[in-house]
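A.B. asks: Structure file target23.cif, mmCIF, C-alpha atoms and all ligand atoms, is pasted below:
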data_final
loop_
_atom_site.label_atom_id
_atom_site.label_comp_id
_atom_site.auth_asym_id
_atom_site.auth_seq_id
_atom_site.Cartn_x
_atom_site.Cartn_y
_atom_site.Cartn_z
CA MET P 1 135.28 81.57 175.58
CA SER P 2 136.35 84.84 174.01
CA GLY P 3 139.09 82.94 172.20
CA VAL P 4 136.53 80.77 170.41
CA ALA P 5 136.12 81.65 166.75
CA ALA P 6 132.62 81.50 165.30
CA PRO P 7 132.07 78.65 162.86
CA LEU P 8 131.62 79.88 159.31
CA ARG P 9 128.06 81.12 158.75
CA LEU P 10 126.41 80.58 162.08
CA VAL P 11 122.88 81.47 161.10
CA ASN P 12 119.49 80.47 162.54
CA LEU P 13 116.89 82.54 160.73
CA PRO P 14 113.21 81.82 160.16
CA ARG P 15 112.14 80.48 156.79
CA ARG P 16 112.45 82.88 153.88
CA ARG P 17 109.17 84.40 152.65
CA ARG P 18 108.80 84.06 148.93
CA THR P 19 105.98 86.56 149.02
CA PHE P 20 107.98 89.42 150.53
CA VAL P 21 106.84 92.79 149.18
CA GLY P 22 107.93 96.42 149.58
CA ARG P 23 109.92 97.73 152.55
CA GLY P 24 112.72 99.14 150.40
CA ASP P 25 112.96 102.35 152.42
CA GLU P 26 112.88 100.52 155.75
CA LEU P 27 115.63 98.09 154.70
CA ALA P 28 117.79 101.01 153.57
CA GLU P 29 117.14 102.76 156.86
CA LEU P 30 118.11 99.68 158.86
CA GLU P 31 121.23 99.24 156.78
CA ALA P 32 122.29 102.86 157.32
CA ALA P 33 121.56 102.78 161.06
CA LEU P 34 123.04 99.40 161.88
CA ARG P 35 126.03 99.45 159.57
CA GLY P 36 127.56 102.38 161.47
CA GLY P 37 130.38 100.19 162.74
CA GLY P 38 132.31 100.76 165.95
CA GLU P 39 130.11 100.67 168.99
CA VAL P 40 127.11 98.44 169.42
CA VAL P 41 124.09 99.72 167.57
CA VAL P 42 120.59 98.90 168.62
CA VAL P 43 117.59 99.53 166.44
CA ALA P 44 114.13 98.82 167.74
CA VAL P 45 111.48 98.25 165.09
CA HIS P 46 108.11 98.84 166.65
CA GLY P 47 104.55 98.79 165.42
CA LEU P 48 101.25 96.94 165.55
CA GLY P 49 101.07 93.17 165.80
CA GLY P 50 100.94 91.77 162.26
CA VAL P 51 102.44 94.84 160.62
CA GLY P 52 105.53 92.92 159.51
CA LYS P 53 108.24 93.64 162.12
CA SER P 54 109.54 90.08 162.35
CA THR P 55 109.34 89.63 158.60
CA LEU P 56 111.34 92.80 158.01
CA ALA P 57 113.92 91.78 160.61
CA ALA P 58 114.26 88.31 159.07
CA HIS P 59 114.67 89.78 155.60
CA TYR P 60 117.31 92.24 156.76
CA ALA P 61 119.13 89.55 158.72
CA LEU P 62 119.18 87.19 155.76
CA MET P 63 120.65 89.93 153.58
CA GLN P 64 123.43 90.40 156.13
CA ALA P 65 124.09 86.69 156.44
CA THR P 66 124.36 86.18 152.70
CA SER P 67 126.03 89.38 151.53
CA ARG P 68 129.49 89.63 149.96
CA ASP P 69 132.30 87.97 151.90
CA ASP P 70 133.88 91.15 153.19
CA GLU P 71 130.56 92.54 154.39
CA ARG P 72 128.95 89.39 155.70
CA LEU P 73 128.02 89.32 159.37
CA ASN P 74 128.55 86.20 161.45
CA PRO P 75 126.89 84.93 163.58
CA VAL P 76 123.48 86.14 162.51
CA TRP P 77 121.45 84.86 165.40
CA TRP P 78 117.69 85.00 165.94
CA ILE P 79 116.22 84.91 169.43
CA THR P 80 112.55 85.02 170.31
CA ALA P 81 112.96 87.32 173.28
CA ASP P 82 109.40 87.64 174.54
CA SER P 83 110.47 86.98 178.13
CA GLY P 84 113.62 86.92 180.24
CA PRO P 85 113.80 83.10 180.22
CA ALA P 86 113.22 83.00 176.45
CA LEU P 87 116.13 85.39 175.92
CA GLU P 88 118.27 83.27 178.20
CA ALA P 89 117.36 80.11 176.29
CA GLY P 90 118.17 81.82 172.99
CA LEU P 91 121.55 83.02 174.22
CA ALA P 92 122.30 79.56 175.59
CA GLY P 93 121.50 78.21 172.13
CA LEU P 94 124.08 80.56 170.66
CA ALA P 95 126.72 79.43 173.18
CA VAL P 96 126.07 75.81 172.23
CA ALA P 97 126.21 76.65 168.51
CA LEU P 98 129.59 78.29 169.12
CA GLN P 99 130.90 75.47 171.27
CA PRO P 100 128.73 72.33 171.04
CA GLU P 101 130.67 70.47 173.73
CA LEU P 102 129.31 72.89 176.33
CA ALA P 103 125.74 71.65 175.90
CA THR P 104 125.90 68.87 178.41
CA VAL P 105 128.18 70.39 180.99
CA MET P 106 126.62 73.72 181.81
CA PRO P 107 123.25 74.96 183.04
CA LEU P 108 121.25 77.34 180.86
CA GLU P 109 122.14 80.40 182.85
CA ALA P 110 125.89 79.84 182.56
CA LEU P 111 125.56 79.14 178.85
CA ALA P 112 123.69 82.41 178.35
CA ALA P 113 126.39 84.28 180.25
CA ARG P 114 128.98 82.67 177.98
CA ALA P 115 127.21 83.85 174.87
CA THR P 116 126.92 87.37 176.25
CA ALA P 117 130.64 87.36 177.01
CA TRP P 118 131.42 86.09 173.52
CA LEU P 119 129.35 88.84 171.94
CA ALA P 120 131.09 91.44 174.09
CA ALA P 121 134.49 90.27 172.85
CA HIS P 122 133.70 90.11 169.13
CA GLU P 123 132.35 92.31 166.39
CA GLY P 124 130.78 91.77 163.02
CA TRP P 125 127.74 89.92 164.32
CA LEU P 126 124.01 90.55 164.24
CA LEU P 127 121.57 89.56 166.94
CA VAL P 128 117.83 89.77 166.33
CA LEU P 129 115.78 89.98 169.51
CA ASP P 130 112.30 89.31 168.24
CA ASN P 131 109.09 90.31 169.93
CA VAL P 132 110.47 91.93 173.05
CA VAL P 133 107.61 92.51 175.47
CA GLU P 134 109.51 94.38 178.17
CA ALA P 135 112.59 96.46 177.45
CA ALA P 136 113.77 95.46 180.92
CA ASP P 137 114.15 91.85 179.73
CA VAL P 138 116.89 92.74 177.26
CA ARG P 139 118.43 95.75 178.95
CA PRO P 140 120.98 93.93 181.17
CA MET P 141 122.24 91.92 178.23
CA LEU P 142 122.52 94.95 175.96
CA GLU P 143 124.30 96.98 178.59
CA ARG P 144 127.08 94.43 178.58
CA THR P 145 127.49 94.51 174.82
CA LEU P 146 130.01 96.89 173.30
CA THR P 147 130.22 96.10 169.61
CA GLY P 148 128.01 94.47 167.03
CA GLN P 149 124.49 95.01 165.76
CA VAL P 150 121.27 94.35 167.59
CA LEU P 151 117.92 94.51 165.90
CA VAL P 152 114.97 94.46 168.27
CA THR P 153 111.34 94.06 167.26
CA SER P 154 108.60 94.99 169.66
CA ARG P 155 105.08 96.29 169.85
CA LEU P 156 106.37 98.79 172.39
CA SER P 157 107.15 102.27 171.22
CA GLU P 158 108.42 103.30 174.62
CA GLY P 159 110.93 102.14 177.18
CA TRP P 160 113.95 102.19 174.89
CA HIS P 161 115.56 105.33 176.30
CA GLY P 162 118.86 104.82 178.04
CA LEU P 163 119.71 102.04 175.64
CA ASP P 164 120.63 104.51 172.93
CA ALA P 165 118.36 102.57 170.65
CA ARG P 166 117.22 104.14 167.45
CA LEU P 167 113.56 103.68 166.81
CA LEU P 168 111.96 102.76 163.54
CA GLN P 169 108.21 102.77 163.53
CA LEU P 170 106.93 100.29 160.98
CA LYS P 171 103.79 101.35 159.19
CA VAL P 172 101.30 99.23 157.29
CA LEU P 173 101.92 98.55 153.59
CA ASP P 174 100.94 101.09 151.00
CA GLU P 175 98.07 100.23 148.68
CA PRO P 176 100.02 98.88 145.68
CA GLU P 177 102.18 96.73 147.98
CA ALA P 178 99.15 95.35 149.78
CA ILE P 179 97.50 94.50 146.44
CA GLU P 180 100.73 92.87 145.26
CA LEU P 181 100.84 90.72 148.42
CA LEU P 182 97.19 89.75 148.04
CA ALA P 183 97.78 88.82 144.39
CA ARG P 184 100.83 86.69 145.17
CA ILE P 185 99.06 84.71 147.85
CA ALA P 186 95.63 84.44 146.27
CA ALA P 187 96.92 83.49 142.81
CA PRO P 188 95.99 79.94 141.84
CA PRO P 189 99.01 77.66 141.47
CA LEU P 190 100.52 77.66 137.96
CA ALA P 191 99.96 74.51 135.97
CA ALA P 192 103.23 72.70 135.32
CA ASP P 193 103.24 73.59 131.63
CA ALA P 194 102.03 77.17 132.04
CA VAL P 195 104.15 80.07 130.88
CA PRO P 196 104.86 82.24 133.91
CA ALA P 197 102.83 85.45 133.73
CA GLN P 198 104.39 88.87 133.80
CA ALA P 199 103.85 90.60 137.10
CA GLY P 200 100.17 91.35 137.44
CA GLN P 201 99.26 89.94 134.05
CA GLY P 202 96.29 87.63 134.00
CA LEU P 203 95.39 88.60 137.52
CA THR P 204 93.16 91.52 136.68
CA GLU P 205 90.00 89.47 136.59
CA ASP P 206 90.85 87.60 139.81
CA LEU P 207 91.73 90.87 141.48
CA ASP P 208 88.33 92.41 141.09
CA GLY P 209 87.82 94.54 144.19
CA ALA P 210 91.38 94.11 145.50
CA ALA P 211 91.86 97.79 146.25
CA ALA P 212 88.62 97.97 148.24
CA LEU P 213 89.50 94.81 150.13
CA VAL P 214 93.01 95.83 151.18
CA ARG P 215 91.63 99.17 152.27
CA GLU P 216 89.04 97.38 154.44
CA LEU P 217 91.89 95.28 155.87
CA GLY P 218 93.74 98.43 156.85
CA PHE P 219 96.72 97.43 154.65
CA LEU P 220 97.88 95.20 157.49
CA PRO P 221 100.12 92.43 156.05
CA LEU P 222 98.82 89.76 158.43
CA ALA P 223 95.23 90.50 157.45
CA VAL P 224 96.05 90.71 153.74
CA GLU P 225 97.91 87.43 153.91
CA GLN P 226 95.10 85.56 155.66
CA ALA P 227 92.45 86.97 153.37
CA GLY P 228 94.62 85.99 150.40
CA ALA P 229 95.00 82.44 151.69
CA TYR P 230 91.23 82.14 152.08
CA GLN P 231 90.75 83.32 148.51
CA HIS P 232 93.40 80.94 147.30
CA GLN P 233 91.63 78.02 148.95
CA THR P 234 88.15 78.99 147.84
CA ARG P 235 88.90 80.73 144.51
CA LEU P 236 86.83 83.69 145.66
CA THR P 237 87.53 87.11 144.17
CA PRO P 238 88.52 89.90 146.56
CA HIS P 239 85.13 91.43 145.89
CA ALA P 240 83.30 88.29 147.00
CA TYR P 241 85.53 87.89 150.04
CA LEU P 242 84.89 91.50 151.03
CA GLY P 243 81.18 90.73 150.88
CA LEU P 244 81.61 87.86 153.33
CA LEU P 245 83.79 89.91 155.62
CA LYS P 246 81.28 92.73 155.78
CA HIS P 247 78.73 90.29 157.15
CA GLN P 248 81.02 89.33 160.02
CA PRO P 249 80.04 91.36 163.04
CA ALA P 250 83.01 93.20 164.44
CA VAL P 251 82.29 92.21 168.02
CA MET P 252 85.42 91.10 169.75
CA TYR P 253 87.20 93.48 172.01
CA ASP P 254 85.46 96.54 173.25
CA ARG P 255 88.70 98.40 173.63
CA ALA P 256 89.70 101.83 172.58
CA ALA P 257 93.37 100.84 172.63
CA ARG P 258 95.58 101.52 169.64
CA GLY P 259 95.49 98.63 167.30
CA ALA P 260 91.97 97.70 168.33
CA ASN P 261 90.80 98.19 164.76
CA ALA P 262 93.45 95.87 163.45
CA GLU P 263 92.58 93.30 166.09
CA ARG P 264 88.94 93.51 165.18
CA THR P 265 89.78 92.94 161.52
CA ILE P 266 91.88 89.91 162.40
CA ALA P 267 89.09 88.56 164.61
CA ARG P 268 86.65 88.79 161.71
CA ILE P 269 89.07 87.02 159.39
CA TRP P 270 89.60 84.25 161.93
CA ARG P 271 85.87 83.77 162.34
CA LEU P 272 85.41 83.45 158.60
CA THR P 273 88.24 80.95 158.31
CA LEU P 274 87.15 78.87 161.31
CA ASP P 275 83.58 78.80 159.97
CA ARG P 276 84.97 77.59 156.70
CA LEU P 277 86.89 74.90 158.59
CA ALA P 278 83.79 73.73 160.44
CA ASP P 279 84.31 70.23 159.05
CA VAL P 280 87.79 70.10 160.58
CA PRO P 281 86.76 69.69 164.21
CA LEU P 282 90.27 70.05 165.58
CA ALA P 283 91.04 73.34 163.84
CA GLY P 284 89.69 75.44 166.71
CA PRO P 285 91.23 73.41 169.56
CA VAL P 286 94.60 73.19 167.80
CA LEU P 287 94.62 76.92 167.30
CA ARG P 288 93.73 77.42 170.95
CA VAL P 289 96.56 75.19 172.18
CA LEU P 290 99.02 76.97 169.92
CA ALA P 291 97.81 80.38 171.02
CA TRP P 292 98.36 79.40 174.63
CA TYR P 293 102.05 78.88 173.94
CA GLY P 294 102.49 82.21 172.19
CA ALA P 295 104.78 82.84 169.25
CA GLU P 296 107.32 80.15 170.10
CA PRO P 297 107.85 77.42 167.50
CA LEU P 298 106.52 74.14 168.87
CA PRO P 299 106.99 70.48 168.16
CA ARG P 300 103.85 68.78 166.91
CA THR P 301 103.96 66.22 169.68
CA LEU P 302 102.70 68.93 172.00
CA LEU P 303 99.30 68.63 170.39
CA GLU P 304 99.03 65.13 171.72
CA SER P 305 97.43 66.76 174.74
CA LEU P 306 94.32 67.04 172.59
CA ASN P 307 93.86 63.29 172.93
CA ALA P 308 92.98 63.03 169.27
CA GLY P 309 94.42 60.76 166.65
CA MET P 310 97.66 62.18 165.23
CA ALA P 311 96.19 61.89 161.72
CA GLU P 312 93.37 64.22 162.68
CA VAL P 313 95.82 66.65 164.26
CA GLN P 314 97.96 66.58 161.11
CA HIS P 315 94.90 67.26 159.01
CA ALA P 316 93.92 70.23 161.16
CA LEU P 317 97.49 71.56 161.00
CA GLY P 318 97.52 71.20 157.22
CA GLU P 319 94.24 73.07 156.84
CA LEU P 320 95.25 75.84 159.25
CA ALA P 321 98.52 76.25 157.38
CA ALA P 322 96.70 76.36 154.04
CA TYR P 323 94.70 79.28 155.40
CA ASN P 324 97.89 80.93 156.68
CA MET P 325 96.72 80.74 160.27
CA ILE P 326 99.91 78.95 161.29
CA THR P 327 103.30 78.12 159.80
CA LEU P 328 104.63 74.60 159.63
CA ASN P 329 108.32 73.85 159.79
CA ARG P 330 110.39 70.78 159.29
CA GLY P 331 112.51 69.39 162.09
CA HIS P 332 111.54 68.39 165.55
CA PHE P 333 113.11 71.02 167.70
CA PRO P 334 113.42 74.39 166.06
CA ASN P 335 115.13 75.63 169.18
CA GLU P 336 115.97 74.86 172.74
CA THR P 337 112.78 76.24 174.23
CA ALA P 338 110.72 74.03 171.98
CA ALA P 339 112.72 71.01 173.10
CA LEU P 340 112.20 72.00 176.73
CA LYS P 341 108.50 72.25 176.17
CA CYS P 342 108.51 68.80 174.71
CA VAL P 343 110.27 67.41 177.76
CA PHE P 344 107.66 69.12 179.87
CA MET P 345 104.86 67.44 177.96
CA ALA P 346 106.63 64.11 178.33
CA LEU P 347 106.74 64.64 182.08
CA MET P 348 103.07 65.47 182.08
CA SER P 349 102.20 62.36 180.17
CA LEU P 350 103.80 60.10 182.75
CA ASP P 351 100.54 60.16 184.59
CA PRO P 352 97.95 60.60 181.88
CA THR P 353 95.00 59.41 183.97
CA GLY P 354 95.58 61.87 186.76
CA GLN P 355 95.55 59.09 189.36
CA GLY P 356 98.35 59.20 191.85
CA ARG P 357 98.82 62.81 190.91
CA LYS P 358 100.14 63.80 194.31
CA ARG P 359 102.96 61.29 194.34
CA TRP P 360 103.74 62.19 190.77
CA THR P 361 104.05 65.92 191.42
CA MET P 362 106.28 65.23 194.44
CA ARG P 363 108.62 63.05 192.49
CA TRP P 364 108.87 65.60 189.72
CA LYS P 365 108.96 68.68 191.92
CA ALA P 366 112.42 69.82 190.87
CA PRO P 367 111.85 69.70 187.12
CA LEU P 368 108.39 71.19 187.54
CA ASN P 369 109.88 74.09 189.45
CA ALA P 370 112.40 74.60 186.69
CA PHE P 371 109.59 74.66 184.17
CA GLN P 372 107.63 77.11 186.27
CA ILE P 373 110.61 79.43 186.10
CA ALA P 374 111.26 78.89 182.42
CA PHE P 375 107.65 79.38 181.36
CA GLU P 376 106.81 81.98 183.90
CA GLY P 377 103.09 82.51 184.32
CA ARG P 378 102.13 80.16 181.53
CA LEU P 379 101.94 77.05 183.67
CA THR P 380 99.54 77.09 186.55
CA PRO P 381 98.64 74.30 188.93
CA ALA P 382 95.34 74.05 187.04
CA ASN P 383 97.31 72.78 184.09
CA PHE P 384 98.91 70.02 186.07
N1 LIG P 401 106.76 92.89 153.64
C1 LIG P 401 105.99 91.78 153.67
N2 LIG P 401 105.79 91.06 152.56
C2 LIG P 401 105.01 89.96 152.59
N3 LIG P 401 104.40 89.48 153.67
C3 LIG P 401 104.57 90.16 154.82
C4 LIG P 401 105.37 91.34 154.88
N4 LIG P 401 105.34 91.80 156.14
C5 LIG P 401 104.59 90.93 156.83
N5 LIG P 401 104.11 89.96 156.05
C6 LIG P 401 103.27 88.84 156.49
O1 LIG P 401 102.37 89.28 157.48
C7 LIG P 401 102.36 88.43 158.59
C8 LIG P 401 102.66 89.22 159.86
O2 LIG P 401 103.99 89.67 159.80
P1 LIG P 401 104.96 89.61 161.06
O3 LIG P 401 106.31 89.98 160.57
O4 LIG P 401 104.82 88.33 161.76
O5 LIG P 401 104.33 90.78 161.94
P2 LIG P 401 104.78 91.32 163.36
O6 LIG P 401 106.11 90.70 163.70
O7 LIG P 401 104.85 92.79 163.19
O8 LIG P 401 103.69 90.93 164.30
C9 LIG P 401 103.41 87.35 158.37
O9 LIG P 401 102.77 86.12 158.19
C10 LIG P 401 104.14 87.78 157.11
O10 LIG P 401 104.34 86.72 156.25
MG MG P 402 106.61 89.41 165.24
#
Could the structure of this file be written out as structure tokens, please?

C.D. replies:
Amino acid sequence: MSGVAAPLRLVNLPRRRRTFVGRGDELAELEAALRGGGEVVVVAVHGLGGVGKSTLAAHYALMQATSRDDERLNPVWWITADSGPALEAGLAGLAVALQPELATVMPLEALAARATAWLAAHEGWLLVLDNVVEAADVRPMLERTLTGQVLVTSRLSEGWHGLDARLLQLKVLDEPEAIELLARIAAPPLAADAVPAQAGQGLTEDLDGAAALVRELGFLPLAVEQAGAYQHQTRLTPHAYLGLLKHQPAVMYDRAARGANAERTIARIWRLTLDRLADVPLAGPVLRVLAWYGAEPLPRTLLESLNAGMAEVQHALGELAAYNMITLNRGHFPNETAALKCVFMALMSLDPTGQGRKRWTMRWKAPLNAFQIAFEGRLTPANF
């Protein structure tokens, strides 16, 4: 496979964020660290959940995929690497993108090995390994890679030694950036004939209390974004929203762990939003199903397990997206893992009543085993 040339612009990045703010220093730092050339360079961006690691990585990757011809990297490939099997599926996806005819003739594992071999034999590429949970999951793959750029994001600040990875700890936004983000998201949509405002102009009144609010939210982008979406939907000022938030008891986790404050803030925001969505009965269950699957993009058909009308599910999805609790994408299968999950759900639905379950599980033992391996720990017999 090392003789295979990459198709022009092999890129699979998440959707661009129109609301991106700040991070100038971090982008420059990534550029300087990763653009060293020669040997493989690994940078691990670490920090709290919701601080903006994936967003920063996506922004950097997009810059590399769209820069001037002589500097452009290719492929620029994004893998959600939150488990060994997820990494394998992502690498297999790359192998298939490089050589589509392989898709039907090789098992996942062999495809992943192909991609790793291709990466080892080429330079000028960028791999994003997003949301690595255990450094051990990506270590074997990285040890086989000699040239190219790897950008890892992870909540872990430790475990990267021996990989020669440079660490970049991502901090929360500073106050002006957080206010800017809040303003961009909370701003009411412009009327079609409106003259676009200068930055900040016309927002002063709507931004009453913005500084106090972003401070309360700990300048965490995820929190700022969700609070902004709530304000956008309800036309509340930051001051009024802060008032609501202060009435939300901060009971959630009784943990002293790092990040517990941020988690508590997020929990309060979620409560507020779910209370607000009380007339959308599926909002809670949909969110719960999605949370069970983790950060992986999922096809909507998965939510059929809720046994609700698809129109109701769509409505709940629309409302949750409006409040920035989830992100909706076009397309059925954003990646291979999502497709696999869909097949799994199809298998499950072959016996929707649960009668004849025993026979059913025997007949489907092989695929079920494969799914057990692929979604390690997330499928238990109780789910069958
Ligand atoms: N620099 C930024 N500008 C605008 N929005 C941001 C920025 N960083 C993060 N966000 C928003 O905050 C949320 C959490 O960011 P994300 O990158 O998913 O965090 P992490 O990967 O660290 O858990 C995302 O929905 C994202 O849109
Ligand atoms: Mg992330």

A.B. asks: Compare P:Thr104, P:Thr234, P:Thr145, P:Ser154 by their minimum atom-to-atom distance to ligand LIG 401 (chain P), counting all atoms listed in the file, and give me the closest one.

C.D. replies: P:Ser154

A.B. asks: Which protein, DNA or RNA residues have an atom within 7 Å of ligand MG 402 (chain P), counting only C-alpha atoms and all ligand atoms, as a PyMOL selection string?

C.D. replies: chain P and resi 49-50+52-54+130-131+153

A.B. asks: Create the file for the chosen residues now, containing C-alpha atoms and written as a compact mmCIF listing (two decimals), in the coordinates of the input.

C.D. replies:
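Result went into out_34.txt, see below:
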# COMPACT_ATOMS: atom_id res chain seq x y z
CA GLY P 49 101.07 93.17 165.80
CA GLY P 50 100.94 91.77 162.26
CA GLY P 52 105.53 92.92 159.51
CA LYS P 53 108.24 93.64 162.12
CA SER P 54 109.54 90.08 162.35
CA ASP P 130 112.30 89.31 168.24
CA ASN P 131 109.09 90.31 169.93
CA THR P 153 111.34 94.06 167.26

A.B. asks: Just want the residues within 7 Å of ligand LIG 401 (chain P), written as an MDAnalysis selection string, counting all atoms listed in the file.

C.D. replies: chainID P and resid 17 19:23 47:56 131 181 221:222 225

A.B. asks: Take atom CA of Val214 of chain P and atom CA of Leu182 of chain P and report the distance between them in Å, one decimal.

C.D. replies: 8.0 Å

A.B. asks: Tell me, in Å to one decimal, how far atom CA of Arg155 of chain P is from atom CA of Asp137 of chain P.

C.D. replies: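 If I compute the distance from atom CA of Arg155 of chain P to atom CA of Asp137 of chain P, I get 14.1 Å.
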
A.B. asks: Pick from P:Leu274, P:Val132, P:Ala117, P:Ile266: nearest to Leu146 of chain P, with all atoms listed in the file counted?

C.D. replies: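 The shortest atom-to-atom distance to Leu146 of chain P comes from P:Ala117.
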
A.B. asks: State, in Å with one decimal place, the distance from atom CA of Met141 of chain P to atom CA of Leu94 of chain P.

C.D. replies: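 It comes out at 13.8 Å.
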
A.B. asks: Go through P:Ile185, P:Val133, P:Leu282, P:Glu158 one by one, measure the shortest atom-to-atom distance of each to Arg18 of chain P using all atoms listed in the file, and give the residue with the smallest value.

C.D. replies: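 Smallest distance to Arg18 of chain P is found for P:Ile185.
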
A.B. asks: When distances are computed from all atoms listed in the file, which of P:Val11, P:Ala28, P:Ala110, P:Ala165 shows the smallest separation from Leu98 of chain P?

C.D. replies: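 Result for the nearest residue to Leu98 of chain P: P:Val11.
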
A.B. asks: Go through P:Val42, P:Leu213, P:His239, P:Leu27 one by one, measure the shortest atom-to-atom distance of each to Leu142 of chain P using only C-alpha atoms, and give the residue with the smallest value.

C.D. replies: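 Of the candidates, the smallest distance to Leu142 of chain P is held by P:Val42.
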
A.B. asks: Which neighbours of Pro75 of chain P fall inside 9 Å, counting all atoms listed in the file, when residues of the same chain fewer than 2 positions from it are skipped, and could you give them as a count of residues only?

C.D. replies: 15

A.B. asks: Identify the residues around (131.8, 89.3, 174.9) within a radius of 9 Å, measuring from only C-alpha atoms in the coordinates stated by the file, and give them as a list in words.

C.D. replies: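 Residues satisfying the cut-off, written out: Met1, Ser2, Arg114, Ala115, Thr116, Ala117, Trp118, Leu119, Ala120, Ala121, His122, Arg144, Thr145, Leu146 and Thr147 of chain P.
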
A.B. asks: Please write the residues from the selection above to a file, keeping C-alpha atoms, as a PDB file, in the coordinates of the input.

C.D. replies:
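File selection30.pdb, as written:
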ATOM      1  CA  MET P   1     135.280  81.570 175.580  1.00  0.00           C
ATOM      2  CA  SER P   2     136.350  84.840 174.010  1.00  0.00           C
ATOM      3  CA  ARG P 114     128.980  82.670 177.980  1.00  0.00           C
ATOM      4  CA  ALA P 115     127.210  83.850 174.870  1.00  0.00           C
ATOM      5  CA  THR P 116     126.920  87.370 176.250  1.00  0.00           C
ATOM      6  CA  ALA P 117     130.640  87.360 177.010  1.00  0.00           C
ATOM      7  CA  TRP P 118     131.420  86.090 173.520  1.00  0.00           C
ATOM      8  CA  LEU P 119     129.350  88.840 171.940  1.00  0.00           C
ATOM      9  CA  ALA P 120     131.090  91.440 174.090  1.00  0.00           C
ATOM     10  CA  ALA P 121     134.490  90.270 172.850  1.00  0.00           C
ATOM     11  CA  HIS P 122     133.700  90.110 169.130  1.00  0.00           C
ATOM     12  CA  ARG P 144     127.080  94.430 178.580  1.00  0.00           C
ATOM     13  CA  THR P 145     127.490  94.510 174.820  1.00  0.00           C
ATOM     14  CA  LEU P 146     130.010  96.890 173.300  1.00  0.00           C
ATOM     15  CA  THR P 147     130.220  96.100 169.610  1.00  0.00           C
TER      16      THR P 147
END

A.B. asks: I'd like the contact shell of Asp174 of chain P - 10 Å cut-off, all atoms listed in the file, skipping same-chain residues fewer than 2 positions apart - returned as a PyMOL selection string.

C.D. replies: chain P and resi 22-23+171-172+176-179+214-215+218-220

A.B. asks: Select, from P:Leu207, P:Val96, P:Leu170, P:Leu87, the residue with the minimum atom-to-atom distance to Glu134 of chain P, counting only C-alpha atoms.

C.D. replies: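 Among the listed residues, the smallest separation from Glu134 of chain P belongs to P:Leu87.
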